[in-house]
Structure formats: structure tokens, C-alpha cells
Amino acid sequence: MASITLDTVGKIYAGGTRAVTGVSIDIADGEFIVLVGPSGCGKSTLLRMVAGLEPISEGTVRIGDRVVNDIEPADRDIAMVFQNYALYPHMSVRQNLAYGLKNRGTPRPEIDRRVAEAAEILQIGPYLDRKPRALSGGQRQRVAMGRAIVREPAAFLFDEPLSNLDAKLRVTMRLEIKELQRRLRTTAIYVTHDQLEAMTLADRLVVLNGGRIEQIGTPLEVYRKPASTFVAGFIGSPAMNLIPSRAVPGLPGTAHAGIIGIRPEDLTVAPDGPIGMDVVAVEELGAQRLVHGRTGGEPLTVTMPSDAALSDRLQLAWRPGALHLFGAEDGRRID
Amino acid sequence: MIENRPGLNLLAHLTLMLGVAIVALPVWVAFVASTHTATDFMSGTIPIWPGPHLVENYARMLDAGVSTSGTPPVGTMMLNSLIMALLIACGKIAISITSAFAIVYFRFPLRNLAFWCIFITLMLPVEVRIVPTFQVVADLGLLNSYAGLSIPLIASATATFLFRQVFLTIPDELTEAARIDGAGPMKFFRDILLPLSRTNIAALFVILFIYGWNQYLWPLLITTSSDYYTVVAGIKRMADAVDGLPQWHLVMATAMLAMLPPVAVVIGMQRLFVKGLVETEK
């Protein structure tokens with residue numbers, strides 16, 4: 001177990017393409033960090049640099065108190081779980097789990113003990129002697145996690161481990177990963193593009209965009225106080241409404257802001273509300289409905305209870321303190 | 001397309017039977033000829049049913065050979081052929097799998113040049129370079145040796161490409177997982193790549209064994225001592241009887257014997273062979 005420190009880490013590919021710029025994160029021992037962002041934001045590259053699969057072009061990565069820039073992946077004391085599981089197809093589950101330990105020269109009884117322990121934790125005991133191809137996607141993912149657990153590493157690195165699973169299984173596996181990490185108290189870095197996965201798993205979120213950090217914070221901090229319009233639009237579902245302030249003139253306290261953000265769930269129907277919206281479409285979600293409309297020519301979405309009355313034009317108000325203001329040029333938050 | 005019409009089925013079967021007959025007839029004639037005496041065959045009518053001399057003819061060939069043609073017993077020639085075919089097949093596989101490993105998994109200077117050099121050798125089969133190759137082998141003193149029989153035929157661009165394709169289908173993540181699991185390059189090669197290309201190795205072995213076994217021109221050129229005659233080249237020498245008629249019944253018996261090892265290899269490795277050619281999932 002160890003802390004991980006990234007200090008102004010950058011990545012420039014051989015062709016001169018810049019994938020990551022100036023990323024600094026201090027990850028505490030036992031913390032669950034989620035790197036989240038759209039595809040191409042550099043989150044996987046960052047993880048692979050920590051793993052040692054990708055050379056680090058700039059800055060330093062420390063695991064514990066060791067700078068690992070020039071250390072082979074096998075010697076960094078990390079374990080990685082891949083998106084497509086990356087199990088060795090010709091080895092049984094047991095051999096898959098034991099392979100890394102065997103290469104390290106771990107004594108046989110110790111290997112057996114750790115494999116048995118991991119099998120117990122992940123409930124993969126019954127298929128220890130099967131080949132990966134005889135397992136379902138969820139079982140394979142468990143085996144892949146087992147391979148990480150038996151290493152008893154300083155840190156787990158997860159590279160979108162749930163993307164290949166179906167939606168239902170993803171939710172259960174998400175919970176299992178969280179429980180597992182709590183129980184083992186191992187530092188974890190988890191990469192995903194799914195903001196819901198990020199919110200539910202993370203102790204702290206790192207939102208990345210274009211190879212730079214947009215914001216680091218606990219899920220609630222990021223949700224409640226997004227640092228930029230990018231974070232505001234990325235975290236939360238349905239996405240936050242971002243309206244240029246000129247579209248809704250005269251809102252109190254918004255004079256100096258370029259963009260106003262309001263979450264759909266913070267808007268309520270009020271006959272004397274200051275925002276008027278022309279309804280364009282309604283999406284029924286069962287428990288609630290999403291009402292899409294336009295105000296001053298800008299799109300706006302509102303979450304309403306499914307039994308609320310609808311009309312072509314709605315007057316809306318917002319909960320106190322629910323307005324987020326952002327600068328016009330840089331899109332940064334204004335407090 | 002699945003059609004279920006009796007007429008079509010009949011036609012399909014007839015076509016297949018015709019094909020089998022075309023392939024099998026010469027083999028049958030050879031087999032029949034090998035069971036008669038020399039005079040039976042020279043009498044003007046070619047027999048169509050096996051005669052009574054099967055055991056006698058085969059035993060004589062395996063054991064003593066045809067002294068007049070200067071060939072050793074077929075047993076010796078078959079052993080030579082077997083050694084040559086095995087050396088060629090195993091040598092080709094060993095060299096091409098390691099060069100494919102180098103080309104796919106290592107970034108070394110002039111890697112592309114190396115790749116293209118291998119590619120170009122595709123245009124230079126033995127027959128094209130036979131005179132210089134003979135000169136080189138003769139200068140090295142390898143005439144009349146197993147090394148001389150096999151080494152010039154071992155380098156194989158085709159097999160290198162086949163293994164390159166196989167390695168390219170192995171996901172990068174598997175390589176990365178192995179790196180994190182502490183497997184160095186050679187360990188990765190032995191523990192992951194070799195087992196994963198097992199069926200391809202088997203398929204290639206079958207093809208290359210037959211290629212090696214059927215070598216004719218090269219062994220004919222470089223073997224002058226009868227100790228190193230191979231069976232395929234030996235048949236030719238037998239048919240060239242200088243002081244009399246070729247003993248066709250014995251030549252045919254040798255041909256039948258020469259056919260057996262490749263057939264045995266194909267049948268024995270059929271399951272792996274088919275799997276290696278059709279399997280794509282890694």
C-alpha cells in the first residue's frame with residue numbers, strides 16, 4: 001500500500017502529438033481516485049504512464065517514496081485490470097492468477113494460499129480449473145480482478161474495466177469493486193468515461209479534458225461546484241443547462257457572468273418564475289419526466305415529477321443557491 | 001446456401017466421386033503394379049487387380065533395394081528423407097517463429113529493412129538460386145550431408161509472414177498484462193506466444209514436412225553418395241536403369257512406400273491442422 005504522486009506529468013508522442021499536459025495529483029494511501037473525461041482526453045494515457053506501459057515524457061511519478069519513471073511495470077508494485085480482461089486464453093483460471101507470482105519466484109505454498117484467498121473473496125472458487133473462454137463476461141472480469149488481488153500490490157489500476165459488460169452487470173460489478181477496495185484498503189486509480197461510474201466509485205474525481213485537469217474533488221464537490229462549464233456539462237445526468245446570460249436578461253446577480261448554469265433538477269415550475277420556456281419535447285422516464293424547451297432561443301431541460309401538469313409554456317424558478325455562474329471567455333466558475 | 005433437392009445431391013456426389021477417381025486411379029495403378037512381378041507388367045496388358053507378390057516385392061525393396069540402379073535399400077532412403085523433412089520442417093518453424101517474434105515485438109534499428117529483406121526472398125525459391133546455392137554448399141563441404149540437404153531450404157519468408165499475422169492477432173493488452181506480470185521477452189515468448197500459436201505451428205509443420213519430403217531437385221543435385229539418397233530422388237535413379245528395363249514393379253513399390261509418411265503426418269495431425277488453418281479467435 002502506498003500513496004501515488006504525479007508531478008506535472010506530460011506525454012508527448014513520437015509524432016509530436018501532445019496527449020497529456022502538466023498533470024499533478026496527490027493520491028493518498030488507500031484512496032480511490034477516478035479519472036474521468038470524454039474519449040481522447042488522455043485519461044488512459046495517464047494511467048498507462050503510472051503503470052509503466054507508456055514512457056513518461058515530462059514530470060515524475062512516485063509510488064510510495066520511489067520515483068518510478070524508469071522502473072519496469074513489473075517492478076512498480078502495481079496491478080492492472082484491463083478493459084478486455086486480457087486473461088491468458090491457454091491457461092486455467094488458477095494459472096492465470098498464479099502466473100505473475102510464479103514469475104516473481106513466490107514459493108508454491110504462498111501462491112496457493114493467495115490464489116485460494118482471492119478465489120474466496122471473488123467467489124471464483126468453482127471455476128478455478130476452467131479456461132477463460134468457458135466463463136461469462138462477469139466471471140472473466142472477476143478473474144481479472146483476482147489476478148490483481150493476488151499480487152497484493154501498492155495500487156490497483158483499472159482501465160475501463162466494466163465497459164465490456166452489459167448495463168445490469170455493470171451496476172453490480174461497480175458495487176463489488178467499491179466494496180473490494182474498501183476491504184483491501186489498497187490505493188486505486190480507475191479510468192472511465194462513464195460519469196455515473198465515476199461519481200459512485202470515487203473518493204475523489206479527477207475530471208480531464210484535452211489532456212489537462214479541469215477539476216479535482218470529491219464527487220459531491222464536483223457536482224455542487226463544477227469548476228468550469230466543461231465539468232458542469234460532463235458531470236450529472238441529465239446534463240446541466242448552460243445558457244448565455246443574454247438569453248435570460250435581468251436575472252438577479254448574473255450581470256457579470258457570461259454563462260449561467262442550472263441543473264434540470266434545480267428548476268421548478270412557478271407561475272411567477274422569472275424564466276419562461278416554450279416546451280418542445282417531453283421524455284418520460286417513469287419516476288419523472290424530462291421536459292425540453294427553449295428560452296430566449298437557447299435549449300433548456302427541466303426535470304419534473306411525472307404527475308405534474310404540462311402546458312406549452314412554463315414559467316420556471318430555481319432553488320436558492322442553485323445558480324452556477326461562469327466566465328464568458330474561459331468558462332471558469334465565478335463565485 | 002442450403003439446398004435440399006435429391007437431384008442436386010446426386011450431382012454433387014457424382015462430381016466428388018469423379019474427382020476422387022481422377023486422383024485415386026494413378027495411385028491404384030501404382031499399387032497394383034507393385035504387387036506383380038516384372039514380367040506380368042511387361043506382358044502388354046496392364047493388370048487391374050492386385051497380384052500375389054505384394055509382401056515379396058515390398059520386403060525386397062525395404063531390405064535390399066535394386067542393386068543394378070545403385071540405390072540403397074528403400075529403408076535407408078526413407079530414413080534419409082525423414083531426417084531431411086524433419087530438419088527442414090523444424091528448422092523452418094524455429095527460424096521463422098523467432099524472426100516473426102523479433103519483427104512484431106521489438107523496435108530495433110533497420111527493422112523495416114530486415115522485414116523487406118525477408119519479403120524479397122519470397123521471390124527467390126531454390127530453383128532460381130540453385131547454381132549459386134550449390135556453389136556455396138560445395139565450398140562449405142556440405143555435399144553428401146544432412147546439413148547440405150536441409151540448411152539451404154530452411155529459411156522461409158512464407159512461414160515468417162504466417163507467424164507475423166498470428167502474432168498481430170494477439171491483443172496488445174495480453175502483452176501488457178504479461179509485462180505487468182513480470183514476464184520478460186523470452187518468458188513471454190515461451191509462456192504466452194508459443195502456446196497460443198500451437199495450432200498454427202502444427203498446421204505449418206504438416207505443410208512443411210510434405211514440402212521437405214517432396215524435395216526432388218536439390219537432393220538429386222547434391223547427393224552423390226548413395227548413403228544420402230532420399231526416396232523421392234531415389235525413385236528417379238531406379239527408373240533410370242542403365243543395363244536393362246526399369247523394374248517397374250519395384251519402382252512402384254518404392255513410390256507407394258514414399259507416399260506413406262506424408263499421409264501418416266496428415267492423418268495424425270488432421271485435427272490440429274484444420275484448427276490451425278480456420279481458427280481466428282485468440
# chains A, B, ... in the order shown; residues from 1 in each chain; ligands from 1
call {"tool": "interface_residues", "arguments": {"of": "chain A", "to": "chain B", "cutoff": "12 Å", "atoms": "only C-alpha atoms", "output": "ChimeraX atom specification"}}
result
/A:48,50-54,71-91,95-105,132-133,144,147-148,150-151,153,156-157,159
call {"tool": "select_by_dssp", "arguments": {"residues": "range 157-275 of chain A", "states": "helix (DSSP H, G or I)", "output": "PyMOL selection string"}}
result
chain A and resi 167-184+195-201+219-224+229-234+245-247+264-266
call {"tool": "atom_distance", "arguments": {"atom1": "CA of Val131 in chain B", "atom2": "CA of Leu220 in chain B"}}
result
13.3 Å
call {"tool": "residues_around", "arguments": {"residues": "Ile27 in chain A", "least_positions_apart": "6", "cutoff": "7 Å", "atoms": "only C-alpha atoms", "output": "list of chain:residue names"}}
result
A:Ser3, A:Ile4, A:Thr5
call {"tool": "write_last_selection", "arguments": {"atoms": "all heavy atoms", "output": "PDB file, in the first residue's frame"}}
result
ATOM      1  N   SER A   3       1.044   5.731  -1.234  1.00  0.00           N
ATOM      2  CA  SER A   3       0.482   6.902  -1.887  1.00  0.00           C
ATOM      3  C   SER A   3       1.108   7.003  -3.272  1.00  0.00           C
ATOM      4  O   SER A   3       2.145   6.411  -3.545  1.00  0.00           O
ATOM      5  CB  SER A   3       0.810   8.150  -1.075  1.00  0.00           C
ATOM      6  OG  SER A   3       2.214   8.270  -0.988  1.00  0.00           O
ATOM      7  N   ILE A   4       0.437   7.752  -4.160  1.00  0.00           N
ATOM      8  CA  ILE A   4       0.973   7.958  -5.503  1.00  0.00           C
ATOM      9  C   ILE A   4       0.981   9.451  -5.759  1.00  0.00           C
ATOM     10  O   ILE A   4       0.008  10.144  -5.460  1.00  0.00           O
ATOM     11  CB  ILE A   4       0.112   7.251  -6.561  1.00  0.00           C
ATOM     12  CG1 ILE A   4       0.056   5.757  -6.285  1.00  0.00           C
ATOM     13  CG2 ILE A   4       0.632   7.525  -7.959  1.00  0.00           C
ATOM     14  CD1 ILE A   4      -0.838   4.987  -7.225  1.00  0.00           C
ATOM     15  N   THR A   5       2.103   9.949  -6.254  1.00  0.00           N
ATOM     16  CA  THR A   5       2.198  11.378  -6.532  1.00  0.00           C
ATOM     17  C   THR A   5       2.565  11.600  -7.984  1.00  0.00           C
ATOM     18  O   THR A   5       3.566  11.076  -8.461  1.00  0.00           O
ATOM     19  CB  THR A   5       3.273  12.025  -5.637  1.00  0.00           C
ATOM     20  OG1 THR A   5       3.065  11.576  -4.306  1.00  0.00           O
ATOM     21  CG2 THR A   5       3.198  13.527  -5.700  1.00  0.00           C
TER      22      THR A   5
END
call {"tool": "residues_around", "arguments": {"residues": "Val231 in chain A", "least_positions_apart": "6", "cutoff": "8 Å", "atoms": "only C-alpha atoms", "output": "list in words"}}
result
Val207, Glu214, Gln215 and Val222 of chain A
call {"tool": "write_last_selection", "arguments": {"atoms": "N, CA, C and O atoms", "output": "PDB file, in the first residue's frame"}}
result
ATOM      1  N   VAL A 207     -11.389  15.234 -13.180  1.00  0.00           N
ATOM      2  CA  VAL A 207     -12.033  15.415 -14.480  1.00  0.00           C
ATOM      3  C   VAL A 207     -10.995  15.954 -15.451  1.00  0.00           C
ATOM      4  O   VAL A 207     -10.345  16.964 -15.183  1.00  0.00           O
ATOM      5  N   GLU A 214      -9.313  19.443 -15.359  1.00  0.00           N
ATOM      6  CA  GLU A 214     -10.301  20.520 -15.228  1.00  0.00           C
ATOM      7  C   GLU A 214     -10.612  20.753 -13.754  1.00  0.00           C
ATOM      8  O   GLU A 214     -10.779  21.880 -13.319  1.00  0.00           O
ATOM      9  N   GLN A 215     -10.742  19.646 -13.023  1.00  0.00           N
ATOM     10  CA  GLN A 215     -11.098  19.778 -11.615  1.00  0.00           C
ATOM     11  C   GLN A 215     -10.764  18.497 -10.868  1.00  0.00           C
ATOM     12  O   GLN A 215     -10.896  17.403 -11.409  1.00  0.00           O
ATOM     13  N   VAL A 222     -17.539  18.182  -6.877  1.00  0.00           N
ATOM     14  CA  VAL A 222     -17.536  18.390  -8.323  1.00  0.00           C
ATOM     15  C   VAL A 222     -18.952  18.621  -8.822  1.00  0.00           C
ATOM     16  O   VAL A 222     -19.203  19.450  -9.694  1.00  0.00           O
TER      17      VAL A 222
END
call {"tool": "select_by_dssp", "arguments": {"residues": "range 24-155 of chain A", "states": "strand (DSSP E)", "output": "number ranges by chain"}}
result
A: 24-27, 32-36, 58-63, 66-67, 78-81, 155
call {"tool": "write_last_selection", "arguments": {"atoms": "N, CA, C and O atoms", "output": "mmCIF file, in the first residue's frame"}}
result
data_model
loop_
_atom_site.group_PDB
_atom_site.id
_atom_site.type_symbol
_atom_site.label_atom_id
_atom_site.label_comp_id
_atom_site.auth_asym_id
_atom_site.auth_seq_id
_atom_site.Cartn_x
_atom_site.Cartn_y
_atom_site.Cartn_z
ATOM 1 N N SER A 24 -0.813 17.190 -12.151
ATOM 2 C CA SER A 24 -0.290 16.950 -10.805
ATOM 3 C C SER A 24 -1.426 16.480 -9.908
ATOM 4 O O SER A 24 -2.444 17.154 -9.805
ATOM 5 N N ILE A 25 -1.253 15.300 -9.332
ATOM 6 C CA ILE A 25 -2.258 14.777 -8.406
ATOM 7 C C ILE A 25 -1.529 14.127 -7.232
ATOM 8 O O ILE A 25 -0.542 13.427 -7.431
ATOM 9 N N ASP A 26 -2.008 14.389 -6.013
ATOM 10 C CA ASP A 26 -1.504 13.664 -4.849
ATOM 11 C C ASP A 26 -2.568 12.669 -4.435
ATOM 12 O O ASP A 26 -3.674 13.067 -4.063
ATOM 13 N N ILE A 27 -2.228 11.403 -4.518
ATOM 14 C CA ILE A 27 -3.201 10.375 -4.168
ATOM 15 C C ILE A 27 -2.786 9.771 -2.838
ATOM 16 O O ILE A 27 -1.664 9.271 -2.699
ATOM 17 N N PHE A 32 -9.439 6.022 -3.396
ATOM 18 C CA PHE A 32 -9.973 5.572 -4.687
ATOM 19 C C PHE A 32 -10.146 6.796 -5.576
ATOM 20 O O PHE A 32 -11.016 7.623 -5.349
ATOM 21 N N ILE A 33 -9.266 6.889 -6.574
ATOM 22 C CA ILE A 33 -9.293 8.042 -7.474
ATOM 23 C C ILE A 33 -9.873 7.617 -8.812
ATOM 24 O O ILE A 33 -9.500 6.577 -9.340
ATOM 25 N N VAL A 34 -10.792 8.388 -9.346
ATOM 26 C CA VAL A 34 -11.326 8.072 -10.666
ATOM 27 C C VAL A 34 -10.927 9.172 -11.641
ATOM 28 O O VAL A 34 -11.139 10.349 -11.373
ATOM 29 N N LEU A 35 -10.307 8.751 -12.733
ATOM 30 C CA LEU A 35 -10.001 9.690 -13.812
ATOM 31 C C LEU A 35 -11.150 9.609 -14.800
ATOM 32 O O LEU A 35 -11.448 8.541 -15.331
ATOM 33 N N VAL A 36 -11.815 10.729 -15.030
ATOM 34 C CA VAL A 36 -12.972 10.691 -15.901
ATOM 35 C C VAL A 36 -12.873 11.789 -16.945
ATOM 36 O O VAL A 36 -12.298 12.854 -16.687
ATOM 37 N N GLU A 58 7.303 13.938 -19.502
ATOM 38 C CA GLU A 58 7.612 15.082 -18.639
ATOM 39 C C GLU A 58 7.144 14.778 -17.228
ATOM 40 O O GLU A 58 6.162 14.069 -17.040
ATOM 41 N N GLY A 59 7.807 15.391 -16.255
ATOM 42 C CA GLY A 59 7.368 15.268 -14.875
ATOM 43 C C GLY A 59 7.781 13.946 -14.253
ATOM 44 O O GLY A 59 8.499 13.152 -14.865
ATOM 45 N N THR A 60 7.328 13.724 -13.022
ATOM 46 C CA THR A 60 7.699 12.494 -12.330
ATOM 47 C C THR A 60 6.464 11.829 -11.739
ATOM 48 O O THR A 60 5.490 12.488 -11.389
ATOM 49 N N VAL A 61 6.546 10.515 -11.650
ATOM 50 C CA VAL A 61 5.517 9.731 -10.973
ATOM 51 C C VAL A 61 6.194 9.025 -9.806
ATOM 52 O O VAL A 61 7.244 8.410 -9.980
ATOM 53 N N ARG A 62 5.608 9.181 -8.627
ATOM 54 C CA ARG A 62 6.123 8.468 -7.465
ATOM 55 C C ARG A 62 5.081 7.479 -6.989
ATOM 56 O O ARG A 62 3.898 7.823 -6.910
ATOM 57 N N ILE A 63 5.537 6.280 -6.659
ATOM 58 C CA ILE A 63 4.667 5.330 -5.975
ATOM 59 C C ILE A 63 5.341 5.067 -4.648
ATOM 60 O O ILE A 63 6.488 4.631 -4.620
ATOM 61 N N ARG A 66 9.184 6.284 -4.021
ATOM 62 C CA ARG A 66 10.089 5.908 -5.077
ATOM 63 C C ARG A 66 9.673 6.603 -6.364
ATOM 64 O O ARG A 66 8.500 6.536 -6.746
ATOM 65 N N VAL A 67 10.605 7.255 -7.046
ATOM 66 C CA VAL A 67 10.301 7.770 -8.380
ATOM 67 C C VAL A 67 10.351 6.576 -9.329
ATOM 68 O O VAL A 67 11.341 5.858 -9.369
ATOM 69 N N ILE A 78 2.457 -2.562 -8.892
ATOM 70 C CA ILE A 78 1.082 -2.206 -9.217
ATOM 71 C C ILE A 78 0.424 -3.412 -9.892
ATOM 72 O O ILE A 78 1.109 -4.328 -10.333
ATOM 73 N N ALA A 79 -0.894 -3.395 -9.944
ATOM 74 C CA ALA A 79 -1.604 -4.431 -10.690
ATOM 75 C C ALA A 79 -2.648 -3.730 -11.528
ATOM 76 O O ALA A 79 -3.223 -2.731 -11.108
ATOM 77 N N MET A 80 -2.852 -4.254 -12.740
ATOM 78 C CA MET A 80 -3.745 -3.549 -13.650
ATOM 79 C C MET A 80 -4.872 -4.474 -14.105
ATOM 80 O O MET A 80 -4.666 -5.654 -14.342
ATOM 81 N N VAL A 81 -6.068 -3.895 -14.212
ATOM 82 C CA VAL A 81 -7.217 -4.631 -14.742
ATOM 83 C C VAL A 81 -7.600 -3.969 -16.063
ATOM 84 O O VAL A 81 -7.841 -2.771 -16.105
ATOM 85 N N ALA A 155 -0.877 -0.541 -5.520
ATOM 86 C CA ALA A 155 -2.006 0.164 -6.125
ATOM 87 C C ALA A 155 -2.661 -0.691 -7.197
ATOM 88 O O ALA A 155 -1.996 -1.449 -7.899
#
